[in-house]
Amino acid sequence: MTYHLEFSALLPYWQDLAWGLWFTIVLTAVSTVVGIAVGTLGASARSFGPPWLSGLVRVYVELIRNTPFIVQLFFIFFGLPALGLKLSETTAAFIAMVVNLGAYSTEIIRAGIDAIPKGHIEAGVSLAMTRLEVLRYIVLRQAFAKIYPALSSQIVIVMLGSAVVSQISAPDLTYAANFIQSRNFRAFEVYFVVALIYLMLSILLRYLLRLIGDRFVKVG
Amino acid sequence: MSLVSIRDVRKSYGTVEVLKGVSLEVEKGDVVAIIGRSGSGKSTLLRCINGLETYQSGAILADGIEVGGLHANLRELRRHVGMVFQQFNLFPHLTAAENVMLAPTVVNKTPKKEARAIAAEVLAKVGLSEKMDAYPSQLSGGQQQRVAIARSLAMRPKVLLCDEITSALDPELVNEVLRVVEQLAKEGMTLILVTHEMRFARDVGTHLVFMHHGKVHESGKPKEVFAAPQTPELQQFVSGIG
């Protein structure tokens with residue numbers, strides 16, 4: 001028996017795909033912004049904070065970087081209710097994404113901070129700036145310029161990795177694909193089209209990140 | 001009272017004592033040149049004055065503020081004590097003018113426009129008016145160091161600490177930096193310089209301090225000290241440099 005490609009079988013479901021795509025975009029955008037904020041705080045605490053805080057951040061980073069994302073997601077969604085913390089699938093997806101990117105970006109940004117010559121910090125301090133001011137105006141600006149390419153890659157990885165949230169029924173693009181193929185049994189067509197959408201999303205995201213980089217991240 | 005008063009300061013790194021009881025008085029308008037071999041403690045002493053290094057005993061008072069106290073107001077102290085480094089340490093993501101404007105705007109809350117005027121003034125003083133919008137990477141070493149001096153001057157310091165500020169420069173770029181420092185000295189700026197430029201120390205300095213093994217080994221008026229070093233160590237040091 002030969003398989004006849006029938007892409008038109010997707011047409012009745014275009015709205016499901018569109019909503020899934022929208023959810024993936026919003027999920028990625030929000031977790032990128034919040035995750036990098038977490039990473040910035042984490043990296044600052046690791047490099048400039050008191051030993052106990054630095055140690056705590058280190059435990060967080062190692063914990064997240066050495067366990068699978070899907071296990072983190074399941075723990076938050078299926079595990080935490082045991083402690084009385086019941087989250088909707090959407091909330092759980094957002095939290096898992098932020099926690100995950102927060103850990104990875106902490107490590108990336110910390111590498112950038114470590115690359116700043118100590119003399120720049122001494123120069124800032126000698127100009128009567130507080131450590132927080134030195135961090136904000138001298139260290140982080142330069143650190144971001146140095147690690148921007150690595151951070152951009154991580155953001156794309158996180159966007160693609162977000163497909164995993166379909167496993168707790170968060171209504172993303174992959175969830176939509178699973179739903180559609182369970183209805184029309186057109187697995188090849190559905191996943192082929194969805195793969196193409198992810199591919200275009202990646203290309204667009206990289207382009208957007210480059211624009212943002214050229215505009216805001218001064219390499220000097 | 002002296003502008004900077006250093007009294008019997010001792011400092012150790014672990015078991016190694018690098019400052020073994022240093023005392024020094026610096027009056028307003030003095031130009032103090034500190035010379036000595038590497039490892040004699042001269043840079044460490046300088047870095048103690050603005051609190052970049054701590055010390056274990058003794059006292060340093062700069063502009064009336066006790067530097068080493070547990071609750072020392074280092075921020076207030078550093079507004080009046082500028083520092084220029086061997087490695088310039090300009091902020092590479094900022095232009096020359098922005099490097100100069102940063103501390104006035106952030107620390108003193110000077111409005112941007114006013115800070116820009118200060119930057120124009122101090123960059124003119126170091127002869128770099130036309131480089132205001134250049135990035136450090138576009139400047140020569142000598143120009144970068146002059147921007148670093150201007151950056152310190154923008155805070156209107158009462159005393160300027162210079163830590164071997166020409167040691168990282170190519171020989172032909174040393175003089176343009178020394179000329180700027182000499183001009184500052186003429187205008188009455190109080191300067192404490194760790195330097196290897198003996199001729200400069202002799203001609204521009206009002207006081208010479210020779211450090212040896214963590215102590216002030218010999219000091220006095222530069223011309224007299226150079227003409228007739230009293231200790232064999234300084235004689236050897238001076239003749240060694242030629």
# chains A, B, ... in the order shown; residues from 1 in each chain; ligands from 1
call {"tool": "interface_residues", "arguments": {"of": "chain A", "to": "chain B", "cutoff": "12 Å", "atoms": "only C-alpha atoms", "output": "number ranges by chain"}}
result
A: 116-134, 136-146, 216-220
call {"tool": "residues_around", "arguments": {"residues": "Gly36 of chain B", "least_positions_apart": "4", "cutoff": "7 Å", "atoms": "only C-alpha atoms", "output": "compact mmCIF listing (two decimals) with N, CA, C and O atoms, in the first residue's frame"}}
result
# COMPACT_ATOMS: atom_id res chain seq x y z
N SER B 40 58.92 46.29 46.83
CA SER B 40 59.30 47.06 48.02
C SER B 40 58.08 47.58 48.76
O SER B 40 58.19 48.14 49.84
N PHE B 210 62.09 56.84 49.10
CA PHE B 210 62.68 55.60 48.60
C PHE B 210 62.23 54.47 49.52
O PHE B 210 62.52 54.47 50.71
N MET B 211 61.47 53.53 48.96
CA MET B 211 61.00 52.41 49.78
C MET B 211 61.87 51.19 49.54
O MET B 211 62.29 50.91 48.41
N HIS B 212 62.13 50.47 50.62
CA HIS B 212 62.99 49.29 50.54
C HIS B 212 62.50 48.31 51.59
O HIS B 212 62.38 48.66 52.76
call {"tool": "select_by_dssp", "arguments": {"residues": "segment 57-152 of chain A", "states": "helix (DSSP H, G or I)", "output": "PyMOL selection string"}}
result
chain A and resi 57-65+69-83+89-114+118-126+131-152
call {"tool": "residues_around", "arguments": {"residues": "segment 4-12 of chain A", "least_positions_apart": "5", "cutoff": "9 Å", "atoms": "only C-alpha atoms", "output": "PyMOL selection string"}}
result
chain A and resi 180-181+184+186+188-190+193
call {"tool": "decode", "arguments": {"residues": "segment 21-40 of chain B", "atoms": "N, CA and C atoms", "output": "PDB file, in the first residue's frame"}}
result
ATOM      1  N   GLY B  21      55.562  49.155  58.825  1.00  0.00           N
ATOM      2  CA  GLY B  21      55.561  50.383  59.611  1.00  0.00           C
ATOM      3  C   GLY B  21      55.975  51.587  58.777  1.00  0.00           C
ATOM      4  N   VAL B  22      55.063  52.020  57.901  1.00  0.00           N
ATOM      5  CA  VAL B  22      55.354  53.149  57.013  1.00  0.00           C
ATOM      6  C   VAL B  22      54.661  54.402  57.536  1.00  0.00           C
ATOM      7  N   SER B  23      55.404  55.487  57.636  1.00  0.00           N
ATOM      8  CA  SER B  23      54.822  56.768  58.018  1.00  0.00           C
ATOM      9  C   SER B  23      55.184  57.810  56.980  1.00  0.00           C
ATOM     10  N   LEU B  24      54.190  58.658  56.673  1.00  0.00           N
ATOM     11  CA  LEU B  24      54.415  59.662  55.624  1.00  0.00           C
ATOM     12  C   LEU B  24      53.366  60.754  55.779  1.00  0.00           C
ATOM     13  N   GLU B  25      53.808  61.996  55.688  1.00  0.00           N
ATOM     14  CA  GLU B  25      52.863  63.118  55.742  1.00  0.00           C
ATOM     15  C   GLU B  25      52.878  63.815  54.389  1.00  0.00           C
ATOM     16  N   VAL B  26      51.711  64.052  53.824  1.00  0.00           N
ATOM     17  CA  VAL B  26      51.626  64.743  52.536  1.00  0.00           C
ATOM     18  C   VAL B  26      50.780  65.991  52.711  1.00  0.00           C
ATOM     19  N   GLU B  27      51.385  67.143  52.433  1.00  0.00           N
ATOM     20  CA  GLU B  27      50.658  68.415  52.569  1.00  0.00           C
ATOM     21  C   GLU B  27      50.012  68.784  51.237  1.00  0.00           C
ATOM     22  N   LYS B  28      49.056  69.684  51.320  1.00  0.00           N
ATOM     23  CA  LYS B  28      48.399  70.171  50.103  1.00  0.00           C
ATOM     24  C   LYS B  28      49.445  70.776  49.156  1.00  0.00           C
ATOM     25  N   GLY B  29      49.381  70.382  47.902  1.00  0.00           N
ATOM     26  CA  GLY B  29      50.307  70.920  46.915  1.00  0.00           C
ATOM     27  C   GLY B  29      51.605  70.141  46.778  1.00  0.00           C
ATOM     28  N   ASP B  30      51.811  69.171  47.651  1.00  0.00           N
ATOM     29  CA  ASP B  30      53.021  68.351  47.550  1.00  0.00           C
ATOM     30  C   ASP B  30      52.970  67.459  46.316  1.00  0.00           C
ATOM     31  N   VAL B  31      54.132  67.180  45.760  1.00  0.00           N
ATOM     32  CA  VAL B  31      54.240  66.172  44.717  1.00  0.00           C
ATOM     33  C   VAL B  31      55.230  65.131  45.240  1.00  0.00           C
ATOM     34  N   VAL B  32      54.684  64.033  45.726  1.00  0.00           N
ATOM     35  CA  VAL B  32      55.510  63.019  46.366  1.00  0.00           C
ATOM     36  C   VAL B  32      55.782  61.893  45.377  1.00  0.00           C
ATOM     37  N   ALA B  33      57.064  61.667  45.111  1.00  0.00           N
ATOM     38  CA  ALA B  33      57.434  60.568  44.221  1.00  0.00           C
ATOM     39  C   ALA B  33      57.943  59.416  45.070  1.00  0.00           C
ATOM     40  N   ILE B  34      57.307  58.256  44.911  1.00  0.00           N
ATOM     41  CA  ILE B  34      57.745  57.072  45.648  1.00  0.00           C
ATOM     42  C   ILE B  34      58.496  56.168  44.687  1.00  0.00           C
ATOM     43  N   ILE B  35      59.745  55.891  45.008  1.00  0.00           N
ATOM     44  CA  ILE B  35      60.538  55.010  44.148  1.00  0.00           C
ATOM     45  C   ILE B  35      60.973  53.793  44.960  1.00  0.00           C
ATOM     46  N   GLY B  36      61.493  52.816  44.243  1.00  0.00           N
ATOM     47  CA  GLY B  36      61.966  51.601  44.921  1.00  0.00           C
ATOM     48  C   GLY B  36      61.838  50.415  43.994  1.00  0.00           C
ATOM     49  N   ARG B  37      62.481  49.337  44.390  1.00  0.00           N
ATOM     50  CA  ARG B  37      62.426  48.125  43.570  1.00  0.00           C
ATOM     51  C   ARG B  37      61.017  47.550  43.576  1.00  0.00           C
ATOM     52  N   SER B  38      60.738  46.700  42.601  1.00  0.00           N
ATOM     53  CA  SER B  38      59.450  46.027  42.633  1.00  0.00           C
ATOM     54  C   SER B  38      59.445  45.088  43.833  1.00  0.00           C
ATOM     55  N   GLY B  39      58.320  45.050  44.520  1.00  0.00           N
ATOM     56  CA  GLY B  39      58.229  44.234  45.725  1.00  0.00           C
ATOM     57  C   GLY B  39      58.588  45.002  46.989  1.00  0.00           C
ATOM     58  N   SER B  40      58.922  46.287  46.830  1.00  0.00           N
ATOM     59  CA  SER B  40      59.296  47.062  48.019  1.00  0.00           C
ATOM     60  C   SER B  40      58.076  47.579  48.764  1.00  0.00           C
TER      61      SER B  40
END
